[in-house]
$ cat work.txt   # compact mmCIF, C-alpha atoms and all ligand atoms
# COMPACT_ATOMS: atom_id res chain seq x y z
CA MET A 1212 -57.99 -142.07 -8.73
CA THR A 1213 -59.88 -139.23 -7.16
CA ARG A 1214 -63.58 -138.59 -7.47
CA ILE A 1215 -65.28 -135.45 -6.35
CA LYS A 1216 -69.05 -135.81 -6.38
CA ARG A 1217 -71.53 -133.06 -5.73
CA THR A 1218 -73.53 -135.04 -3.21
CA ASN A 1219 -71.60 -138.14 -2.23
CA ARG A 1220 -69.17 -137.61 0.59
CA VAL A 1221 -68.37 -141.34 0.75
CA ALA A 1222 -66.73 -141.05 -2.64
CA LEU A 1223 -64.21 -138.62 -1.26
CA THR A 1224 -63.25 -141.06 1.46
CA VAL A 1225 -62.84 -143.78 -1.15
CA ALA A 1226 -60.64 -141.51 -3.20
CA VAL A 1227 -58.36 -140.81 -0.29
CA LEU A 1228 -58.21 -144.48 0.65
CA ALA A 1229 -57.56 -145.45 -2.94
CA GLY A 1230 -54.18 -143.82 -2.74
CA CYS A 1231 -54.86 -140.15 -3.33
CA SER A 1232 -52.22 -138.50 -1.22
CA LEU A 1233 -52.77 -134.86 -0.57
CA HIS A 1234 -49.09 -134.34 -1.29
CA LEU A 1235 -49.51 -135.73 -4.76
CA LEU A 1236 -53.04 -134.72 -5.46
CA GLY A 1237 -54.93 -132.61 -3.00
CA CYS A 1238 -58.53 -133.50 -2.34
CA ALA A 1239 -61.21 -131.78 -0.36
CA PRO A 1240 -65.00 -131.81 -0.22
CA VAL A 1241 -67.10 -129.69 -2.49
CA GLU A 1242 -68.39 -126.24 -1.92
CA GLY A 1243 -70.99 -125.90 0.81
CA GLU A 1244 -69.88 -128.93 2.73
CA PRO A 1245 -67.84 -128.87 5.90
CA VAL A 1246 -64.12 -129.07 5.26
CA ALA A 1247 -61.20 -130.65 7.04
CA PRO A 1248 -58.46 -128.40 8.44
CA ALA A 1249 -56.38 -126.98 5.63
CA ALA A 1250 -53.05 -128.79 5.64
CA ALA A 1251 -54.12 -131.94 7.48
CA GLU A 1252 -54.50 -135.17 5.57
CA PRO A 1253 -57.66 -136.95 6.68
CA GLU A 1254 -57.09 -140.42 7.97
CA ALA A 1255 -60.29 -142.41 7.86
CA PRO A 1256 -60.85 -145.05 10.55
CA LYS A 1257 -60.50 -148.65 9.36
CA ALA A 1258 -64.16 -149.45 9.92
CA GLU A 1259 -65.18 -146.61 7.70
CA ALA A 1260 -62.69 -147.77 5.12
CA ALA A 1261 -64.27 -151.20 4.84
CA LYS A 1262 -67.76 -149.74 4.69
CA SER A 1263 -66.96 -147.15 2.10
CA GLU A 1264 -65.30 -149.64 -0.24
CA GLN A 1265 -68.55 -151.49 -0.75
CA PRO A 1266 -70.38 -149.17 -3.15
CA ASP A 1267 -67.29 -148.72 -5.30
CA GLN A 1268 -66.53 -152.41 -5.50
CA ALA A 1269 -70.15 -153.24 -6.25
CA SER A 1270 -70.01 -151.00 -9.28
CA GLN A 1271 -66.93 -152.83 -10.50
CA GLY A 1272 -68.70 -156.11 -11.13
CA ALA A 1273 -65.91 -158.63 -10.60
CA ALA A 1274 -65.65 -157.96 -6.92
CA SER A 1275 -69.36 -157.55 -6.22
CA THR A 1276 -69.27 -160.30 -3.63
CA GLY A 1277 -66.82 -158.23 -1.65
CA LYS A 1278 -64.08 -160.84 -2.24
CA TYR A 1279 -61.23 -160.58 -4.68
CA SER A 1280 -60.75 -163.32 -7.23
CA PRO A 1281 -57.31 -164.77 -8.00
CA VAL A 1282 -58.18 -165.05 -11.72
CA LYS A 1283 -60.61 -162.23 -12.51
CA ALA A 1284 -59.37 -158.73 -13.23
CA ARG A 1285 -60.32 -155.89 -10.98
CA ALA A 1286 -61.55 -152.59 -12.36
CA ARG A 1287 -58.78 -150.53 -13.85
CA ASP A 1288 -57.96 -147.20 -12.32
CA PHE A 1289 -56.20 -145.36 -15.14
CA TYR A 1290 -57.11 -143.87 -18.48
CA ALA A 1291 -55.88 -145.71 -21.54
CA PRO A 1292 -56.24 -143.42 -24.58
CA ASN A 1293 -58.57 -144.62 -27.33
CA THR A 1294 -60.42 -147.05 -25.06
CA GLU A 1295 -63.26 -144.97 -23.60
CA ASP A 1296 -66.24 -143.29 -25.24
CA LEU A 1297 -67.02 -139.77 -24.12
CA GLY A 1298 -70.63 -139.28 -22.99
CA PRO A 1299 -72.81 -136.59 -24.63
CA ASP A 1300 -72.88 -134.63 -21.37
CA GLU A 1301 -69.27 -135.20 -20.42
CA MET A 1302 -65.99 -133.31 -20.77
CA ARG A 1303 -62.53 -134.84 -20.64
CA LEU A 1304 -59.43 -132.78 -19.94
CA VAL A 1305 -55.91 -134.15 -20.37
CA ALA A 1306 -52.80 -132.38 -19.11
CA CYS A 1307 -50.29 -132.55 -21.96
CA GLY A 1308 -47.83 -130.17 -20.33
CA THR A 1309 -47.68 -128.81 -16.80
CA GLY A 1310 -44.08 -127.72 -16.30
CA MET A 1311 -41.63 -124.97 -17.11
CA PRO A 1312 -39.88 -123.38 -20.12
CA THR A 1313 -37.08 -125.86 -19.51
CA ALA A 1314 -39.09 -128.90 -20.61
CA ARG A 1315 -37.95 -132.18 -19.08
CA PRO A 1316 -38.82 -135.86 -19.63
CA LYS A 1317 -41.40 -135.83 -16.85
CA GLN A 1318 -43.06 -132.53 -17.73
CA ALA A 1319 -43.52 -130.70 -20.99
CA ALA A 1320 -44.50 -127.05 -20.86
CA SER A 1321 -48.11 -125.82 -20.72
CA CYS A 1322 -50.64 -127.70 -22.88
CA TRP A 1323 -54.19 -128.81 -22.17
CA LEU A 1324 -56.51 -130.85 -24.36
CA LEU A 1325 -60.22 -130.35 -23.72
CA GLU A 1326 -62.61 -132.86 -25.31
CA LEU A 1327 -66.36 -132.24 -25.27
CA GLY A 1328 -69.18 -134.73 -25.61
CA ASN A 1329 -70.34 -132.97 -28.79
CA GLY A 1330 -67.12 -134.11 -30.51
CA ASP A 1331 -65.26 -130.80 -30.33
CA LYS A 1332 -61.67 -130.78 -29.15
CA PHE A 1333 -59.63 -127.74 -28.18
CA ILE A 1334 -55.96 -127.39 -27.35
CA PHE A 1335 -55.08 -124.64 -24.87
CA ASP A 1336 -51.40 -123.71 -25.19
CA ILE A 1337 -48.90 -125.90 -26.97
CA GLY A 1338 -45.75 -125.38 -24.92
CA THR A 1339 -42.32 -126.87 -25.53
CA GLY A 1340 -42.37 -130.67 -25.62
CA SER A 1341 -46.15 -130.98 -25.48
CA ALA A 1342 -46.80 -132.16 -29.05
CA GLU A 1343 -45.33 -135.50 -28.01
CA ARG A 1344 -47.93 -135.80 -25.23
CA VAL A 1345 -50.73 -134.92 -27.65
CA SER A 1346 -49.55 -137.68 -29.99
CA ALA A 1347 -49.81 -140.23 -27.17
CA LEU A 1348 -53.57 -139.69 -26.96
CA GLN A 1349 -54.17 -141.40 -30.32
CA ILE A 1350 -56.60 -138.76 -31.57
CA PRO A 1351 -56.81 -138.32 -35.36
CA TYR A 1352 -55.13 -135.03 -36.24
CA ASN A 1353 -58.15 -133.82 -38.20
CA TYR A 1354 -59.83 -133.44 -34.80
CA LEU A 1355 -56.89 -131.46 -33.40
CA ASP A 1356 -57.19 -128.35 -35.56
CA LYS A 1357 -58.07 -125.72 -32.94
CA VAL A 1358 -55.39 -124.18 -30.70
CA PHE A 1359 -55.82 -121.29 -28.25
CA LEU A 1360 -52.68 -119.53 -27.03
CA SER A 1361 -52.68 -117.73 -23.70
CA HIS A 1362 -49.51 -115.78 -24.61
CA LEU A 1363 -46.38 -115.95 -26.67
CA HIS A 1364 -43.80 -117.30 -24.23
CA THR A 1365 -42.23 -120.44 -25.66
CA ASP A 1366 -43.43 -122.53 -22.75
CA HIS A 1367 -46.95 -121.78 -24.01
CA PHE A 1368 -46.50 -122.03 -27.79
CA GLY A 1369 -43.03 -123.51 -28.38
CA ASP A 1370 -44.35 -126.74 -29.91
CA LEU A 1371 -46.75 -125.09 -32.33
CA ASP A 1372 -44.34 -125.87 -35.17
CA ALA A 1373 -44.31 -129.55 -34.17
CA LEU A 1374 -48.11 -129.75 -34.10
CA PHE A 1375 -48.37 -127.76 -37.33
CA VAL A 1376 -45.94 -129.81 -39.42
CA GLY A 1377 -46.11 -133.14 -37.57
CA GLY A 1378 -49.92 -133.00 -37.47
CA ALA A 1379 -50.15 -132.31 -41.21
CA LEU A 1380 -47.80 -135.20 -41.92
CA ALA A 1381 -49.86 -137.50 -39.70
CA GLY A 1382 -53.34 -136.83 -41.11
CA ARG A 1383 -54.53 -133.29 -40.46
CA GLN A 1384 -55.96 -132.54 -43.89
CA LYS A 1385 -57.01 -129.00 -43.11
CA ALA A 1386 -55.47 -125.78 -41.88
CA LEU A 1387 -54.38 -125.53 -38.26
CA ARG A 1388 -56.58 -122.86 -36.70
CA VAL A 1389 -54.86 -120.78 -34.03
CA TRP A 1390 -56.37 -118.13 -31.76
CA GLY A 1391 -54.10 -115.83 -29.81
CA PRO A 1392 -54.00 -112.32 -28.34
CA SER A 1393 -52.83 -109.08 -29.86
CA GLY A 1394 -50.09 -107.12 -28.10
CA ALA A 1395 -49.47 -103.51 -27.23
CA THR A 1396 -47.78 -103.19 -30.64
CA PRO A 1397 -48.38 -105.24 -33.81
CA GLU A 1398 -44.94 -106.89 -33.39
CA ARG A 1399 -45.99 -108.29 -30.03
CA GLY A 1400 -49.16 -109.90 -31.33
CA THR A 1401 -50.00 -113.48 -32.33
CA LYS A 1402 -50.35 -112.60 -36.02
CA TYR A 1403 -46.80 -111.26 -36.20
CA ALA A 1404 -45.40 -114.23 -34.29
CA LEU A 1405 -47.13 -116.88 -36.40
CA GLU A 1406 -46.51 -115.21 -39.74
CA HIS A 1407 -42.84 -115.14 -38.86
CA LEU A 1408 -42.95 -118.71 -37.61
CA ARG A 1409 -44.40 -119.62 -40.99
CA LYS A 1410 -41.51 -117.77 -42.65
CA ALA A 1411 -39.00 -119.58 -40.45
CA LEU A 1412 -40.46 -122.84 -41.78
CA THR A 1413 -39.96 -121.87 -45.44
CA TRP A 1414 -37.29 -124.50 -46.09
CA ASP A 1415 -39.29 -127.19 -44.24
CA LEU A 1416 -42.54 -126.49 -46.08
CA ASP A 1417 -40.99 -125.95 -49.53
CA GLY A 1418 -39.24 -129.28 -49.25
CA ARG A 1419 -42.51 -131.10 -48.56
CA GLN A 1420 -44.26 -129.86 -51.68
CA GLY A 1421 -45.31 -132.66 -54.00
CA LEU A 1422 -44.45 -135.36 -51.46
CA THR A 1423 -47.43 -135.59 -49.09
CA ASP A 1424 -51.06 -134.48 -48.80
CA PRO A 1425 -50.61 -130.69 -48.97
CA ARG A 1426 -53.83 -129.63 -47.25
CA GLY A 1427 -52.56 -129.50 -43.66
CA TYR A 1428 -49.62 -127.16 -44.23
CA HIS A 1429 -51.66 -124.02 -43.75
CA MET A 1430 -52.34 -121.94 -40.69
CA GLU A 1431 -55.44 -119.87 -40.01
CA ILE A 1432 -54.43 -117.09 -37.62
CA ASN A 1433 -57.15 -115.51 -35.48
CA GLU A 1434 -55.76 -112.63 -33.47
CA PHE A 1435 -58.13 -111.06 -30.97
CA ASP A 1436 -57.92 -108.02 -28.71
CA TYR A 1437 -56.02 -108.88 -25.53
CA MET A 1438 -57.97 -106.15 -23.73
CA GLY A 1439 -61.32 -107.83 -24.39
CA MET A 1440 -63.20 -108.23 -21.11
CA ASN A 1441 -64.79 -111.66 -21.23
CA GLU A 1442 -65.48 -111.05 -24.90
CA ILE A 1443 -66.46 -113.84 -27.24
CA ILE A 1444 -63.61 -114.93 -29.50
CA TYR A 1445 -65.11 -118.22 -30.71
CA GLN A 1446 -68.67 -119.47 -31.04
CA ASP A 1447 -69.70 -122.63 -32.88
CA ASN A 1448 -71.55 -125.90 -32.36
CA GLY A 1449 -72.90 -124.82 -28.97
CA VAL A 1450 -69.47 -123.81 -27.68
CA THR A 1451 -68.59 -120.27 -26.64
CA ILE A 1452 -65.03 -119.25 -25.80
CA ARG A 1453 -64.27 -115.91 -24.19
CA SER A 1454 -61.05 -114.19 -23.24
CA PHE A 1455 -60.00 -111.69 -20.61
CA PRO A 1456 -56.60 -110.13 -19.80
CA ALA A 1457 -53.86 -111.50 -17.58
CA ILE A 1458 -50.95 -109.62 -15.96
CA HIS A 1459 -47.65 -111.19 -16.96
CA SER A 1460 -44.33 -109.86 -18.31
CA LEU A 1461 -45.86 -107.43 -20.86
CA ASP A 1462 -49.31 -106.45 -22.03
CA GLY A 1463 -50.85 -109.25 -24.10
CA PRO A 1464 -51.40 -112.46 -22.07
CA VAL A 1465 -54.97 -113.67 -21.58
CA SER A 1466 -57.07 -116.39 -19.98
CA PHE A 1467 -59.99 -118.28 -21.54
CA VAL A 1468 -63.47 -119.32 -20.48
CA VAL A 1469 -65.22 -122.16 -22.32
CA GLU A 1470 -68.99 -122.49 -21.96
CA TRP A 1471 -70.75 -125.56 -23.28
CA ASN A 1472 -73.80 -127.53 -22.28
CA GLY A 1473 -74.08 -125.76 -18.92
CA PHE A 1474 -70.40 -126.33 -18.12
CA LYS A 1475 -67.86 -123.64 -17.44
CA PHE A 1476 -64.20 -124.47 -17.99
CA VAL A 1477 -61.50 -121.86 -17.35
CA PHE A 1478 -57.92 -121.94 -18.54
CA GLY A 1479 -55.68 -119.30 -17.03
CA GLY A 1480 -52.37 -118.53 -18.68
CA ASP A 1481 -49.46 -117.07 -16.76
CA THR A 1482 -50.43 -114.16 -14.55
CA TYR A 1483 -50.02 -112.26 -11.36
CA PRO A 1484 -53.34 -112.80 -9.54
CA ASN A 1485 -55.84 -110.58 -11.32
CA LYS A 1486 -59.34 -109.26 -10.71
CA TRP A 1487 -60.67 -110.46 -14.05
CA TYR A 1488 -59.93 -114.10 -13.26
CA ALA A 1489 -61.53 -113.64 -9.85
CA LYS A 1490 -64.63 -112.30 -11.58
CA TYR A 1491 -65.01 -114.34 -14.77
CA ALA A 1492 -63.83 -117.71 -13.46
CA LYS A 1493 -66.27 -117.64 -10.56
CA GLY A 1494 -68.14 -120.91 -10.06
CA ALA A 1495 -66.27 -122.77 -12.80
CA ASP A 1496 -66.70 -126.52 -13.02
CA LEU A 1497 -62.96 -126.76 -13.52
CA ALA A 1498 -60.54 -123.86 -13.19
CA ILE A 1499 -56.89 -124.11 -14.27
CA HIS A 1500 -54.59 -121.40 -12.94
CA GLU A 1501 -50.82 -121.19 -12.86
CA CYS A 1502 -49.13 -121.87 -9.54
CA PHE A 1503 -45.40 -121.24 -9.57
CA ILE A 1504 -42.62 -123.11 -7.81
CA ALA A 1505 -42.38 -122.05 -4.16
CA VAL A 1506 -39.76 -119.30 -3.75
CA PRO A 1507 -37.37 -121.32 -1.49
CA ASP A 1508 -37.27 -124.10 -4.10
CA MET A 1509 -36.60 -121.58 -6.89
CA ILE A 1510 -33.50 -120.52 -4.97
CA GLU A 1511 -32.39 -123.97 -3.78
CA LYS A 1512 -33.18 -126.10 -6.82
CA PHE A 1513 -33.55 -123.71 -9.77
CA LYS A 1514 -30.59 -121.58 -8.61
CA PHE A 1515 -32.41 -118.27 -8.82
CA THR A 1516 -30.99 -115.41 -6.78
CA PRO A 1517 -33.26 -114.48 -3.83
CA GLN A 1518 -34.12 -111.24 -5.61
CA GLY A 1519 -34.92 -113.03 -8.87
CA ALA A 1520 -36.93 -115.75 -7.14
CA LEU A 1521 -39.08 -113.25 -5.26
CA SER A 1522 -39.64 -111.13 -8.33
CA VAL A 1523 -40.39 -113.94 -10.80
CA GLY A 1524 -42.03 -116.28 -8.29
CA THR A 1525 -44.42 -113.81 -6.71
CA GLN A 1526 -44.77 -110.79 -9.03
CA ILE A 1527 -44.59 -112.12 -12.61
CA HIS A 1528 -46.26 -115.41 -11.71
CA THR A 1529 -48.69 -116.61 -9.04
CA ALA A 1530 -47.13 -117.98 -5.86
CA PRO A 1531 -48.85 -121.05 -4.33
CA GLU A 1532 -50.41 -119.12 -1.44
CA ALA A 1533 -51.73 -116.54 -3.93
CA PHE A 1534 -53.11 -119.36 -6.11
CA GLY A 1535 -55.03 -120.60 -3.07
CA LYS A 1536 -56.39 -117.14 -2.39
CA VAL A 1537 -57.68 -116.84 -5.96
CA MET A 1538 -59.36 -120.25 -5.77
CA SER A 1539 -61.00 -119.32 -2.47
CA MET A 1540 -62.52 -116.36 -4.27
CA ILE A 1541 -63.88 -118.27 -7.28
CA LYS A 1542 -64.77 -121.58 -5.59
CA PRO A 1543 -64.55 -123.97 -8.56
CA ARG A 1544 -65.77 -127.56 -8.44
CA MET A 1545 -62.13 -128.44 -9.12
CA ALA A 1546 -59.07 -126.20 -8.95
CA VAL A 1547 -56.08 -127.24 -11.06
CA ALA A 1548 -52.59 -125.92 -10.35
CA TYR A 1549 -49.72 -126.11 -12.85
CA HIS A 1550 -46.42 -124.49 -13.85
CA PHE A 1551 -44.17 -126.09 -11.24
CA PHE A 1552 -41.79 -129.03 -11.26
CA LYS A 1553 -43.73 -131.61 -9.33
CA ASP A 1554 -41.24 -133.75 -7.47
CA PHE A 1555 -41.16 -135.70 -4.22
CA ASP A 1556 -39.40 -132.80 -2.56
CA THR A 1557 -41.33 -129.86 -4.05
CA THR A 1558 -44.93 -131.00 -3.96
CA ALA A 1559 -45.40 -130.78 -0.21
CA SER A 1560 -44.30 -127.16 -0.04
CA ILE A 1561 -46.64 -126.23 -2.89
CA SER A 1562 -49.53 -128.09 -1.27
CA ASP A 1563 -48.87 -126.71 2.21
CA ARG A 1564 -48.72 -123.14 0.94
CA ILE A 1565 -51.90 -123.49 -1.10
CA ARG A 1566 -53.65 -124.96 1.92
CA THR A 1567 -52.94 -121.85 3.97
CA THR A 1568 -55.45 -120.00 1.79
CA TYR A 1569 -57.68 -122.63 0.14
CA ASP A 1570 -59.36 -125.79 1.38
CA GLY A 1571 -61.49 -126.77 -1.61
CA PRO A 1572 -61.07 -129.49 -4.25
CA LEU A 1573 -57.58 -129.37 -5.73
CA SER A 1574 -55.49 -131.13 -8.35
CA LEU A 1575 -51.74 -130.54 -8.30
CA SER A 1576 -51.27 -131.42 -11.91
CA ILE A 1577 -48.64 -133.46 -13.68
CA ASP A 1578 -48.42 -134.48 -17.34
CA TYR A 1579 -51.01 -137.09 -18.35
CA MET A 1580 -53.40 -136.32 -15.52
CA VAL A 1581 -56.97 -136.76 -16.79
CA TRP A 1582 -60.25 -135.27 -15.56
CA ASN A 1583 -63.65 -136.61 -16.59
CA ILE A 1584 -66.27 -134.04 -15.74
CA THR A 1585 -70.02 -134.57 -15.63
CA LYS A 1586 -72.73 -132.59 -13.87
CA ASP A 1587 -72.36 -134.51 -10.63
CA ASP A 1588 -68.93 -136.09 -10.75
CA ILE A 1589 -65.31 -135.19 -11.40
CA ARG A 1590 -63.09 -138.21 -11.80
CA VAL A 1591 -59.33 -137.66 -11.68
CA ARG A 1592 -56.93 -140.30 -12.95
CA MET A 1593 -53.63 -140.68 -14.70
CA ALA A 1594 -53.37 -141.74 -18.34
CA VAL A 1595 -51.13 -144.67 -19.14
CA VAL A 1596 -49.76 -144.20 -22.63
CA ASP A 1597 -48.13 -146.38 -25.24
CA GLU A 1598 -44.63 -145.12 -25.96
CA ASP A 1599 -44.66 -146.98 -29.27
CA VAL A 1600 -47.72 -145.09 -30.50
CA TRP A 1601 -48.15 -144.42 -34.24
CA PRO A 1602 -50.43 -141.76 -35.68
CA PRO A 1603 -54.05 -142.87 -35.97
CA PRO A 1604 -55.46 -143.23 -39.50
CA ALA A 1605 -56.62 -140.04 -41.21
CA THR A 1606 -60.37 -139.51 -40.92
CA GLU A 1607 -60.62 -138.66 -44.63
CA LYS A 1608 -59.06 -140.19 -47.70
CA PRO A 1609 -55.52 -138.83 -48.20
CA GLN A 1610 -54.88 -136.74 -51.27
CA VAL A 1611 -52.23 -138.19 -53.57
CA PRO A 1612 -49.34 -135.71 -53.87
CA ASP A 1613 -48.65 -134.02 -57.18
CA PRO A 1614 -44.98 -134.70 -58.08
CA SER A 1615 -44.96 -131.74 -60.47
CA LYS A 1616 -45.10 -129.49 -57.39
CA ARG A 1617 -41.67 -130.64 -56.21
CA ILE A 1618 -38.91 -128.10 -56.20
CA PRO A 1619 -35.96 -129.77 -57.98
CA TYR A 1620 -32.43 -130.09 -56.67
CA SER A 1621 -29.73 -128.12 -58.43
CA ASP A 1622 -27.76 -130.02 -61.10
CA GLU A 1623 -24.74 -130.06 -58.78
CA ILE A 1624 -26.61 -131.71 -55.89
CA SER A 1625 -28.54 -134.03 -58.18
CA SER A 1626 -25.28 -135.23 -59.73
CA GLY A 1627 -24.24 -136.65 -56.34
CA ARG A 1628 -26.84 -139.42 -56.37
CA LEU A 1629 -25.41 -142.92 -56.21
CA ASP A 1630 -27.03 -145.43 -58.52
CA MET A 1631 -29.45 -147.37 -56.32
CA LYS A 1632 -31.97 -148.34 -59.03
CA LYS A 1633 -31.30 -152.06 -58.81
CA VAL A 1634 -31.34 -151.98 -55.02
CA LEU A 1635 -34.63 -150.10 -54.80
CA GLN A 1636 -36.55 -151.68 -57.71
CA PRO A 1637 -37.75 -154.69 -55.66
CA THR A 1638 -39.46 -152.28 -53.25
CA TYR A 1639 -41.23 -150.55 -56.16
CA ASP A 1640 -42.27 -153.95 -57.55
CA GLU A 1641 -43.51 -155.08 -54.14
CA ILE A 1642 -45.61 -151.96 -53.54
CA ASN A 1643 -46.97 -151.73 -57.10
CA LYS A 1644 -48.06 -155.37 -56.91
CA GLN A 1645 -49.66 -155.06 -53.49
CA TYR A 1646 -51.48 -151.78 -54.09
CA GLY A 1647 -52.07 -151.89 -57.87
CA THR A 1648 -50.01 -148.76 -58.48
CA HIS A 1649 -47.60 -148.03 -61.34
CA GLU A 1650 -44.92 -146.00 -59.63
CA LYS A 1651 -41.53 -145.57 -61.26
CA GLN A 1652 -38.22 -144.44 -59.84
CA GLU A 1653 -37.10 -140.88 -60.52
ZN ZN B 1 -45.23 -116.75 -19.52
ZN ZN B 2 -45.27 -120.00 -18.50
$ encode --input "work.txt" --output "structure tokens"
Amino acid sequence: MTRIKRTNRVALTVAVLAGCSLHLLGCAPVEGEPVAPAAAEPEAPKAEAAKSEQPDQASQGAASTGKYSPVKARARDFYAPNTEDLGPDEMRLVACGTGMPTARPKQAASCWLLELGNGDKFIFDIGTGSAERVSALQIPYNYLDKVFLSHLHTDHFGDLDALFVGGALAGRQKALRVWGPSGATPERGTKYALEHLRKALTWDLDGRQGLTDPRGYHMEINEFDYMGMNEIIYQDNGVTIRSFPAIHSLDGPVSFVVEWNGFKFVFGGDTYPNKWYAKYAKGADLAIHECFIAVPDMIEKFKFTPQGALSVGTQIHTAPEAFGKVMSMIKPRMAVAYHFFKDFDTTASISDRIRTTYDGPLSLSIDYMVWNITKDDIRVRMAVVDEDVWPPPATEKPQVPDPSKRIPYSDEISSGRLDMKKVLQPTYDEINKQYGTHEKQE
């Protein structure tokens, strides 16, 4: 766990001693305080270690005497979804995807869930593989109805279909609301992409008619001008979300600023370092910005040609040293880097390169990293999730489907049904008895 406090330097020492390796998760003091040399990992003297453990242990109750007990549990140092309340003046951010278009078991593609103490939840990007991570957080799908897309690369919206259909099936009883940028032409905009995604799902959605609660199978598409300069694209319940352009592949990509309760949260989509991020992300409490795989690793491990690696890794995306430069300009309370495969043999080169240009607070993110942000504290942990998770109950009573809405099979296909009436009748009897229903087989 890492904690970055505004005023407590001891906490930083504790964080480092508690196992926060700068290679896995960079840490540095907050703005205005003296900083350690860029790439060096601070090694606290043993005496200081013992001293600095005291306040943390005291707050953990069980070990308040300074001695460990062989039978009492120590404080836990991870986030277990659905076990912690969120304070009224607190934000929680969960990384649900931090990797690349080629999603892999360890890292889905870009997706970030922001939860606010007023009850609002926002999903920023829903890249390939990320809907699975969202499901692990055990949040009722009715609360997961707002998605903001930074751009239309599949690693930033490739799991929208999974959230759309899977979320409706699992208790989202309202339309999925999606905000995304326009493009230089209508065909390159979010509206075009999502209307055609909806068309691509015709067979899926038609086949669900009359079988489940129908209310979630709708999408509200909110396309906004990608050229807007920190313009408001969403405002409700004390939350303002703005967008500004990014420079990536084609015209169209954007980044977002969320303002709530005196907090400023910034989510940057893919981009070459740009002046708008440097301006509008300034002083953010937490600033996410892409940070691409270091060029030598793109060549060695991703098998890019040198030309391709230099072009994609430094001109279409933000190279680690450029990420650091941007963060040095905006000075966030916490900088979050993503969009690289974070492995034992890639993390050091990313960290070292960032540290040539930035020595502030830094999280090199990985899927399921969690940040709890209050006015004077940023706590960074990993979530531990239940792989056997089931969808949480719907927050409202489900609507009983109307069987008359079903689209029938053709006579030819229908004629292929084996007679299973006797086999299935006990299940009908069991359910009708238990739930007081009067369902009959087709
Ligand atoms: Zn992209
Ligand atoms: Zn991307």
$ closest_residue --input "work.txt" --among "A:Pro1619, A:Gly1627, A:Gly1524, A:Pro1637" --to "ligand ZN 1 (chain B)" --atoms "only C-alpha atoms and all ligand atoms"
A:Gly1524
$ residues_around --input "work.txt" --residues "A:Glu1434" --least-positions-apart "5" --cutoff "12 Å" --atoms "only C-alpha atoms" --output "list in words"
Val1358, Phe1359, Leu1360, Ser1361, His1362, Arg1388, Val1389, Trp1390, Gly1391, Pro1392, Ser1393, Gly1394, Pro1397, Arg1399, Gly1400, Thr1401, Lys1402, Tyr1403, Ala1404, Leu1405, Glu1406, Gly1439, Ile1444, Tyr1445, Ser1454, Gly1463 and Val1465 of chain A
$ closest_atom_pairs --input "work.txt" --of "chain A" --to "ligand ZN 1 (chain B)" --cutoff "7 Å" --atoms "all atoms listed in the file" --output "CSV"
residue,atom,partner,partner_atom,distance
A:His1362,CA,B:ZN1,ZN,6.7
A:His1364,CA,B:ZN1,ZN,5.0
A:Asp1366,CA,B:ZN1,ZN,6.9
A:His1367,CA,B:ZN1,ZN,7.0
A:His1459,CA,B:ZN1,ZN,6.6
A:Asp1481,CA,B:ZN1,ZN,5.1
$ atom_distance --input "work.txt" --atom1 "atom CA of A:Leu1408" --atom2 "atom CA of A:Leu1371"
9.1 Å
$ residues_near_ligand --input "work.txt" --ligand "ligand ZN 2 (chain B)" --cutoff "10 Å" --atoms "all atoms listed in the file" --output "NGL selection string"
:A and (1309-1312 or 1320-1321 or 1336 or 1338 or 1361-1368 or 1459 or 1480-1482 or 1501-1503 or 1527-1528 or 1549-1551)
$ atom_distance --input "work.txt" --atom1 "atom CA of A:Pro1572" --atom2 "atom CA of A:Met1545"
5.1 Å
